[in-house]
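A.B. asks: entry-v9.cif is the file, holding mmCIF, C-alpha atoms:
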data_run
loop_
_atom_site.label_atom_id
_atom_site.label_comp_id
_atom_site.auth_asym_id
_atom_site.auth_seq_id
_atom_site.Cartn_x
_atom_site.Cartn_y
_atom_site.Cartn_z
CA MET A 1 150.63 74.36 47.28
CA SER A 2 147.53 76.57 47.36
CA ASP A 3 148.28 77.69 50.93
CA LEU A 4 151.20 79.65 49.47
CA LEU A 5 148.73 81.70 47.43
CA HIS A 6 146.84 82.64 50.58
CA GLY A 7 149.83 83.90 52.56
CA PRO A 8 151.45 87.32 52.98
CA LEU A 9 154.51 86.24 50.99
CA PHE A 10 152.46 85.84 47.84
CA ALA A 11 150.56 89.08 48.47
CA ILE A 12 153.66 91.22 48.97
CA THR A 13 155.51 89.60 46.06
CA LEU A 14 152.54 90.18 43.76
CA THR A 15 152.24 93.81 44.90
CA LEU A 16 155.95 94.58 44.41
CA LEU A 17 155.96 92.82 41.06
CA ALA A 18 152.92 94.82 39.94
CA TYR A 19 154.66 98.01 41.12
CA GLN A 20 157.79 97.23 39.09
CA GLY A 21 155.68 96.35 36.06
CA ALA A 22 153.63 99.52 36.45
CA MET A 23 156.73 101.75 36.74
CA PHE A 24 158.16 100.05 33.64
CA LEU A 25 154.96 100.72 31.66
CA TYR A 26 154.62 104.30 32.94
CA LEU A 27 158.21 105.39 32.33
CA GLY A 28 158.42 103.39 29.09
CA SER A 29 155.37 105.19 27.72
CA GLY A 30 156.86 108.60 28.53
CA ARG A 31 154.65 109.16 31.59
CA THR A 32 151.30 108.72 29.86
CA ALA A 33 148.63 109.81 32.37
CA ILE A 34 146.42 106.80 31.86
CA LEU A 35 149.34 104.48 32.73
CA HIS A 36 150.06 106.22 36.07
CA PRO A 37 151.51 103.49 38.36
CA THR A 38 148.50 103.55 40.67
CA ILE A 39 146.20 102.75 37.74
CA SER A 40 148.39 100.30 35.83
CA GLY A 41 149.62 98.65 39.05
CA ALA A 42 146.08 98.17 40.36
CA SER A 43 145.04 96.71 36.99
CA LEU A 44 147.97 94.27 37.04
CA ILE A 45 147.05 93.13 40.57
CA ALA A 46 143.41 92.68 39.61
CA LEU A 47 144.38 90.76 36.49
CA ALA A 48 146.68 88.44 38.47
CA LEU A 49 144.00 87.80 41.10
CA ILE A 50 141.39 86.99 38.45
CA VAL A 51 143.73 84.71 36.48
CA LEU A 52 144.83 82.86 39.65
CA ASP A 53 141.21 82.77 40.87
CA GLN A 54 142.04 84.46 44.18
CA ASP A 55 139.70 86.38 46.45
CA TYR A 56 140.46 90.13 46.56
CA HIS A 57 139.51 90.52 50.22
CA ALA A 58 141.79 87.66 51.25
CA TYR A 59 144.63 89.28 49.30
CA TYR A 60 143.91 92.66 50.86
CA ARG A 61 143.97 91.27 54.41
CA ASN A 62 147.52 90.05 53.73
CA ILE A 63 148.67 93.44 52.50
CA ASP A 64 146.73 95.95 54.60
CA TRP A 65 149.80 96.74 56.73
CA LEU A 66 151.16 98.43 53.60
CA THR A 67 148.16 100.75 53.67
CA PHE A 68 149.07 101.51 57.29
CA LEU A 69 152.09 103.40 55.93
CA LEU A 70 149.69 105.95 54.44
CA GLY A 71 149.45 107.42 57.96
CA PRO A 72 153.11 108.43 58.27
CA ALA A 73 153.07 109.35 54.54
CA THR A 74 150.33 111.89 55.32
CA VAL A 75 152.41 113.32 58.17
CA ALA A 76 155.38 113.47 55.76
CA LEU A 77 153.49 115.94 53.53
CA ALA A 78 154.30 118.61 56.15
CA VAL A 79 157.89 118.65 54.81
CA PRO A 80 157.14 119.77 51.20
CA LEU A 81 154.49 122.15 52.55
CA TYR A 82 157.09 123.78 54.81
CA ARG A 83 159.54 123.92 51.88
CA GLN A 84 156.99 125.72 49.67
CA LEU A 85 156.03 128.24 52.32
CA HIS A 86 158.20 131.03 50.90
CA LEU A 87 156.15 130.97 47.68
CA LEU A 88 153.20 132.36 49.59
CA ARG A 89 154.86 135.73 49.98
CA ASN A 90 153.37 138.44 47.71
CA MET A 91 150.65 136.08 46.53
CA ALA A 92 149.25 134.91 49.86
CA GLY A 93 145.86 136.59 49.42
CA PRO A 94 144.93 135.25 45.96
CA LEU A 95 146.33 131.79 46.73
CA LEU A 96 144.56 131.34 50.05
CA ILE A 97 141.22 132.60 48.72
CA THR A 98 141.49 130.30 45.68
CA VAL A 99 142.31 127.29 47.86
CA THR A 100 139.40 127.90 50.22
CA VAL A 101 136.78 128.60 47.55
CA GLY A 102 138.26 126.13 45.05
CA ALA A 103 138.41 123.22 47.49
CA ILE A 104 134.77 123.76 48.47
CA PHE A 105 133.88 124.01 44.77
CA ALA A 106 135.72 120.76 43.97
CA SER A 107 133.81 118.78 46.61
CA ALA A 108 130.48 120.50 46.04
CA SER A 109 130.52 120.20 42.23
CA ALA A 110 131.21 116.45 42.43
CA LEU A 111 128.52 115.98 45.07
CA ILE A 112 125.85 117.93 43.18
CA LEU A 113 126.63 116.18 39.87
CA ALA A 114 126.65 112.73 41.51
CA TRP A 115 123.38 113.50 43.26
CA LEU A 116 121.82 114.67 39.96
CA PHE A 117 122.94 111.41 38.34
CA GLY A 118 121.37 109.41 41.18
CA ALA A 119 124.30 108.26 43.35
CA ASN A 120 123.53 106.79 46.78
CA GLN A 121 124.76 108.14 50.09
CA SER A 122 127.90 106.02 50.50
CA THR A 123 129.02 106.96 46.97
CA LEU A 124 128.38 110.64 47.78
CA LEU A 125 130.42 110.38 50.98
CA SER A 126 133.27 108.76 49.09
CA LEU A 127 133.31 111.56 46.49
CA THR A 128 133.77 114.48 48.90
CA THR A 129 137.52 113.90 49.02
CA LYS A 130 138.11 113.50 45.27
CA SER A 131 140.36 116.54 44.90
CA ILE A 132 142.73 115.81 47.76
CA THR A 133 145.78 113.64 47.77
CA THR A 134 144.99 109.97 48.40
CA PRO A 135 146.50 109.38 51.88
CA ILE A 136 144.49 112.28 53.31
CA ALA A 137 141.43 111.25 51.28
CA ILE A 138 141.57 107.73 52.74
CA ALA A 139 141.95 109.03 56.29
CA VAL A 140 139.01 111.41 55.89
CA THR A 141 136.79 108.91 54.05
CA GLN A 142 137.28 106.24 56.71
CA ASP A 143 136.49 108.87 59.29
CA ILE A 144 133.18 109.96 57.76
CA GLY A 145 132.08 106.45 56.72
CA GLY A 146 132.64 106.41 52.95
CA ILE A 147 134.04 103.48 50.94
CA THR A 148 137.86 103.59 50.73
CA THR A 149 138.06 101.93 47.33
CA ILE A 150 135.62 104.38 45.74
CA ALA A 151 137.44 107.29 47.34
CA VAL A 152 140.74 106.07 45.88
CA ALA A 153 139.12 105.51 42.48
CA SER A 154 137.61 109.02 42.47
CA VAL A 155 140.93 110.59 43.45
CA ILE A 156 142.76 108.77 40.67
CA LEU A 157 140.12 109.46 38.02
CA THR A 158 140.18 113.13 39.07
CA GLY A 159 143.95 113.21 38.59
CA VAL A 160 143.78 111.60 35.17
CA VAL A 161 140.97 113.90 33.96
CA GLY A 162 142.87 116.91 35.35
CA ILE A 163 146.15 116.27 33.58
CA THR A 164 144.56 115.24 30.30
CA THR A 165 142.35 118.33 30.04
CA ILE A 166 144.33 121.19 31.62
CA THR A 167 146.55 122.07 28.64
CA TRP A 168 143.57 122.46 26.33
CA LEU A 169 141.38 124.23 28.93
CA PHE A 170 144.01 126.74 30.01
CA ASN A 171 144.99 127.48 26.40
CA LYS A 172 141.31 128.32 25.77
CA LEU A 173 141.19 130.50 28.90
CA ASP A 174 144.59 131.96 27.97
CA ILE A 175 146.18 131.27 31.36
CA GLN A 176 149.88 130.67 30.70
CA ASP A 177 151.46 131.94 33.95
CA ASP A 178 153.29 128.89 35.35
CA ARG A 179 152.40 129.88 38.90
CA LEU A 180 148.64 129.97 38.24
CA TRP A 181 148.79 126.94 35.94
CA GLY A 182 150.56 124.81 38.56
CA PHE A 183 148.49 126.04 41.46
CA CYS A 184 145.16 125.20 39.79
CA LEU A 185 146.39 121.77 38.73
CA GLY A 186 147.62 120.96 42.24
CA LEU A 187 144.35 122.16 43.70
CA ALA A 188 142.10 120.19 41.36
CA ALA A 189 144.27 117.15 40.64
CA HIS A 190 146.55 116.68 43.71
CA ALA A 191 149.69 114.47 43.40
CA ILE A 192 149.03 113.26 39.84
CA GLY A 193 148.58 116.89 38.80
CA THR A 194 151.70 117.89 40.72
CA SER A 195 153.90 115.36 38.92
CA ARG A 196 152.54 116.72 35.61
CA ALA A 197 153.21 120.32 36.76
CA PHE A 198 156.87 119.47 37.47
CA GLU A 199 157.13 118.33 33.85
CA ARG A 200 156.02 121.82 32.72
CA SER A 201 158.48 123.75 34.91
CA PRO A 202 159.95 123.76 38.44
CA VAL A 203 157.88 126.86 39.28
CA ALA A 204 154.65 125.19 38.17
CA GLY A 205 155.65 122.13 40.22
CA ALA A 206 156.36 124.14 43.36
CA PHE A 207 153.04 125.98 43.16
CA SER A 208 151.30 122.70 42.45
CA SER A 209 152.74 121.04 45.58
CA LEU A 210 151.80 124.09 47.61
CA ALA A 211 148.21 123.83 46.34
CA LEU A 212 148.20 120.07 46.96
CA CYS A 213 149.18 120.53 50.61
CA LEU A 214 146.88 123.48 51.27
CA THR A 215 143.88 121.82 49.60
CA GLY A 216 144.55 118.60 51.49
CA ALA A 217 144.85 120.33 54.84
CA PHE A 218 141.83 122.56 54.26
CA THR A 219 139.57 119.78 52.92
CA ALA A 220 140.62 117.46 55.74
CA VAL A 221 139.51 120.06 58.26
CA PHE A 222 136.41 121.12 56.39
CA VAL A 223 134.82 117.89 55.07
CA PRO A 224 134.45 116.04 58.42
CA PHE A 225 132.68 119.03 59.97
CA VAL A 226 130.31 119.47 57.03
CA SER A 227 129.55 115.77 56.66
CA HIS A 228 128.64 115.51 60.34
CA TRP A 229 126.17 118.28 59.77
CA LEU A 230 124.93 117.15 56.30
CA PHE A 231 124.44 113.39 56.66
CA MET B 232 166.27 107.85 57.60
CA LEU B 233 164.98 105.70 60.47
CA ALA B 234 165.18 108.66 62.84
CA GLY B 235 163.06 110.61 60.36
CA PHE B 236 160.62 107.73 60.24
CA LEU B 237 160.41 107.80 64.01
CA THR B 238 159.54 111.52 63.91
CA LEU B 239 156.72 110.82 61.43
CA LEU B 240 155.29 107.95 63.48
CA GLY B 241 155.65 109.98 66.68
CA CYS B 242 153.71 112.89 65.15
CA GLN B 243 151.01 110.51 63.96
CA LEU B 244 150.77 108.90 67.40
CA VAL B 245 150.40 112.29 69.09
CA GLY B 246 147.86 113.23 66.38
CA GLU B 247 145.80 110.09 67.03
CA PHE B 248 146.01 110.76 70.76
CA VAL B 249 144.83 114.38 70.37
CA GLN B 250 141.98 113.21 68.11
CA ARG B 251 140.72 110.73 70.72
CA ALA B 252 141.30 113.01 73.69
CA LEU B 253 139.44 115.98 72.17
CA ASN B 254 137.06 113.86 70.06
CA LEU B 255 137.91 115.88 66.92
CA PRO B 256 136.32 114.99 63.55
CA LEU B 257 139.80 115.30 61.97
CA PRO B 258 141.86 112.18 61.09
CA GLY B 259 144.87 111.56 63.38
CA PRO B 260 147.49 111.62 60.55
CA VAL B 261 146.20 115.04 59.43
CA ILE B 262 146.58 116.41 62.97
CA GLY B 263 150.06 114.85 62.98
CA MET B 264 150.87 116.65 59.73
CA LEU B 265 149.74 120.00 61.15
CA LEU B 266 151.81 119.35 64.32
CA LEU B 267 154.93 118.51 62.30
CA PHE B 268 154.37 121.58 60.13
CA CYS B 269 154.18 123.81 63.23
CA GLY B 270 157.27 122.09 64.62
CA LEU B 271 159.23 122.78 61.41
CA CYS B 272 158.13 126.43 61.43
CA ILE B 273 159.36 126.81 65.02
CA ARG B 274 162.62 124.95 64.32
CA GLY B 275 163.23 126.88 61.11
CA SER B 276 164.80 123.99 59.16
CA VAL B 277 164.19 120.35 58.14
CA PRO B 278 166.48 117.74 59.80
CA LYS B 279 168.31 115.59 57.23
CA ASP B 280 166.85 112.31 58.50
CA LEU B 281 163.33 113.66 58.28
CA GLU B 282 163.95 115.02 54.79
CA SER B 283 165.15 111.66 53.41
CA GLY B 284 162.58 109.60 55.33
CA SER B 285 159.61 111.65 54.19
CA GLN B 286 160.87 111.86 50.62
CA LYS B 287 161.17 108.06 50.44
CA LEU B 288 157.66 107.61 51.76
CA ILE B 289 156.14 110.19 49.40
CA GLU B 290 157.94 108.58 46.43
CA LEU B 291 156.44 105.21 47.34
CA LEU B 292 152.86 106.53 47.48
CA PRO B 293 151.79 104.74 44.26
CA LEU B 294 152.93 101.43 45.76
CA LEU B 295 150.89 102.05 48.93
CA LEU B 296 147.81 102.96 46.88
CA MET B 297 147.80 100.11 44.37
CA ALA B 298 146.24 97.50 46.65
CA PRO B 299 143.22 99.61 47.72
CA ALA B 300 142.84 100.89 44.13
CA ALA B 301 142.68 97.30 42.81
CA GLY B 302 139.46 96.96 44.83
CA VAL B 303 137.69 98.98 42.12
CA PHE B 304 137.60 95.81 40.01
CA PHE B 305 135.94 93.85 42.81
CA LEU B 306 133.18 96.19 43.98
CA GLY B 307 130.58 93.68 42.83
CA ALA B 308 127.01 94.04 41.65
CA GLY B 309 126.05 96.41 44.47
CA PHE B 310 127.99 99.25 42.88
CA ALA B 311 127.08 98.54 39.24
CA ASP B 312 124.30 101.16 39.14
CA GLN B 313 126.62 103.77 40.66
CA TRP B 314 129.21 103.81 37.87
CA PRO B 315 127.52 106.33 35.52
CA ALA B 316 126.99 108.83 38.36
CA PHE B 317 130.50 108.24 39.62
CA ILE B 318 132.24 108.78 36.28
CA ALA B 319 130.08 111.76 35.29
CA ALA B 320 130.51 113.48 38.65
CA VAL B 321 134.26 112.99 38.78
CA SER B 322 135.01 113.97 35.16
CA LEU B 323 132.63 116.93 34.83
CA GLY B 324 133.39 118.06 38.38
CA THR B 325 137.13 118.11 37.72
CA VAL B 326 136.84 120.07 34.48
CA CYS B 327 134.49 122.58 36.16
CA THR B 328 136.89 122.92 39.11
CA LEU B 329 139.85 123.64 36.81
CA VAL B 330 137.96 126.32 34.88
CA PHE B 331 136.50 127.86 38.05
CA CYS B 332 139.87 128.00 39.85
CA GLY B 333 141.68 129.28 36.75
CA LEU B 334 139.26 132.18 36.32
CA LEU B 335 139.14 132.94 40.05
CA ILE B 336 142.90 133.02 40.63
CA ARG B 337 143.53 135.11 37.51
CA PHE B 338 140.91 137.62 38.65
CA LEU B 339 142.39 137.79 42.17
CA GLN B 340 145.96 137.97 40.86
CA ARG B 341 145.14 140.90 38.56
CA ARG B 342 143.33 142.74 41.34
CA ASN B 343 146.28 142.04 43.64
CA SER B 344 148.85 143.51 41.23
CA ASP B 345 146.65 146.56 40.56
CA LEU B 346 146.71 147.54 44.24
#
Show me, as structure tokens, the structure contained in the file I just sent.
C.D. replies:
Amino acid sequence: MSDLLHGPLFAITLTLLAYQGAMFLYLGSGRTAILHPTISGASLIALALIVLDQDYHAYYRNIDWLTFLLGPATVALAVPLYRQLHLLRNMAGPLLITVTVGAIFASASALILAWLFGANQSTLLSLTTKSITTPIAIAVTQDIGGITTIAVASVILTGVVGITTITWLFNKLDIQDDRLWGFCLGLAAHAIGTSRAFERSPVAGAFSSLALCLTGAFTAVFVPFVSHWLF
Amino acid sequence: MLAGFLTLLGCQLVGEFVQRALNLPLPGPVIGMLLLFCGLCIRGSVPKDLESGSQKLIELLPLLLMAPAAGVFFLGAGFADQWPAFIAAVSLGTVCTLVFCGLLIRFLQRRNSDL
């Protein structure tokens, strides 16, 4: 009986079930940020493992081939990036400068704050990729020797904080241009931000996906070089 | 869709190969993404198979991320003292980034339209 719980069949069934449950919760709640499928799905998996008294690492070994698909998913991001390319016209200068400076700011601000609050080196390494979309973040983090799980957690928390605060923040700053609104959200809060931007308007969504791709590409090039030199 | 999938895997494979051959500090999938992007720019359009294959994969991202994300609950005692720094850095850092980028892009945009 218990050998069933240790096999891939149980692991994949549990994961798909958690995904369906998470989508149900997320869509049923009207896309509440805190119930984003990655968060609610992960919680459902954790809950099931704890209730059934299963070891997380044993479960993960049975499902890690699913994580393998993050590789081709990263390559796939070239398609939306190519589709958004025309948006760069007229605004190329401001957008490219903001991506370059903003992506450095996103990594650096998290690193400095974490260092001030006394984080250790592996936590610091795992935070450098917090503002880029998860598949790229995982690839980079594994490359520079951070902890995948913490990298994923920081990416998701970043997304949730981004979409829950942007409306208030940008009302205060009086930035209402959908192009700027979407671009900043995609830059700071990647895919979670992008799905929120599409809810505001198609223009905001397009600029958000453009920012997501540019930030991801730039950070992926930049972080490994800097971390080799820094750590 | 499968043909599109093959393109994605092929780009990743070439990316991984380039990374090892040149010993680049960039992840293989990221090199693959840049290669595919260049390929699309040269070709001038997105093949239908690639469009549907990549869209499927991007839609399923939350599913692919759930299992690693669940690890947060099992980090153990070793990470317990890191939580305050982690949460503070991520939350404050994200709010600062939004404000910084908002102000910067508005400034640049205004200067751009003045020219």
A.B. asks: Name the residues that the PyMOL selection byres ((chain A and resi 115-126) around 9) picks from the file above, as a ChimeraX atom specification, using the file's chain letters and numbers.
C.D. replies: /A:110-114,127-130,137,141-142,144-152,154,227,231 /B:310,312-317,319-320
A.B. asks: Set the distance at 12 Å and use all atoms listed in the file: which residues neighbour range 275-285 of chain B once local chain neighbours fewer than 3 positions away are removed? I'd like the list as a PyMOL selection string.
C.D. replies: (chain A and resi 69-83+85) or (chain B and resi 232-242+264+267-272+288-292)
A.B. asks: Using all atoms listed in the file, find the one residue out of A:Trp168, A:Tyr56, A:Phe218, A:Tyr26 that sits nearest to Gly102 in chain A.
C.D. replies: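 Checking each candidate against Gly102 in chain A, we get A:Phe218 as the closest.
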A.B. asks: Check what the PyMOL selection byres ((chain A and resi 6) around 10) selects in the file above and give those residues as number ranges by chain.
C.D. replies: A: 1-5, 7-11, 54-55, 58-59, 61-62
A.B. asks: What separation in Å, quoted to one decimal, exists between CA of Ile45 in chain A and CA of Val303 in chain B?
C.D. replies: 11.1 Å
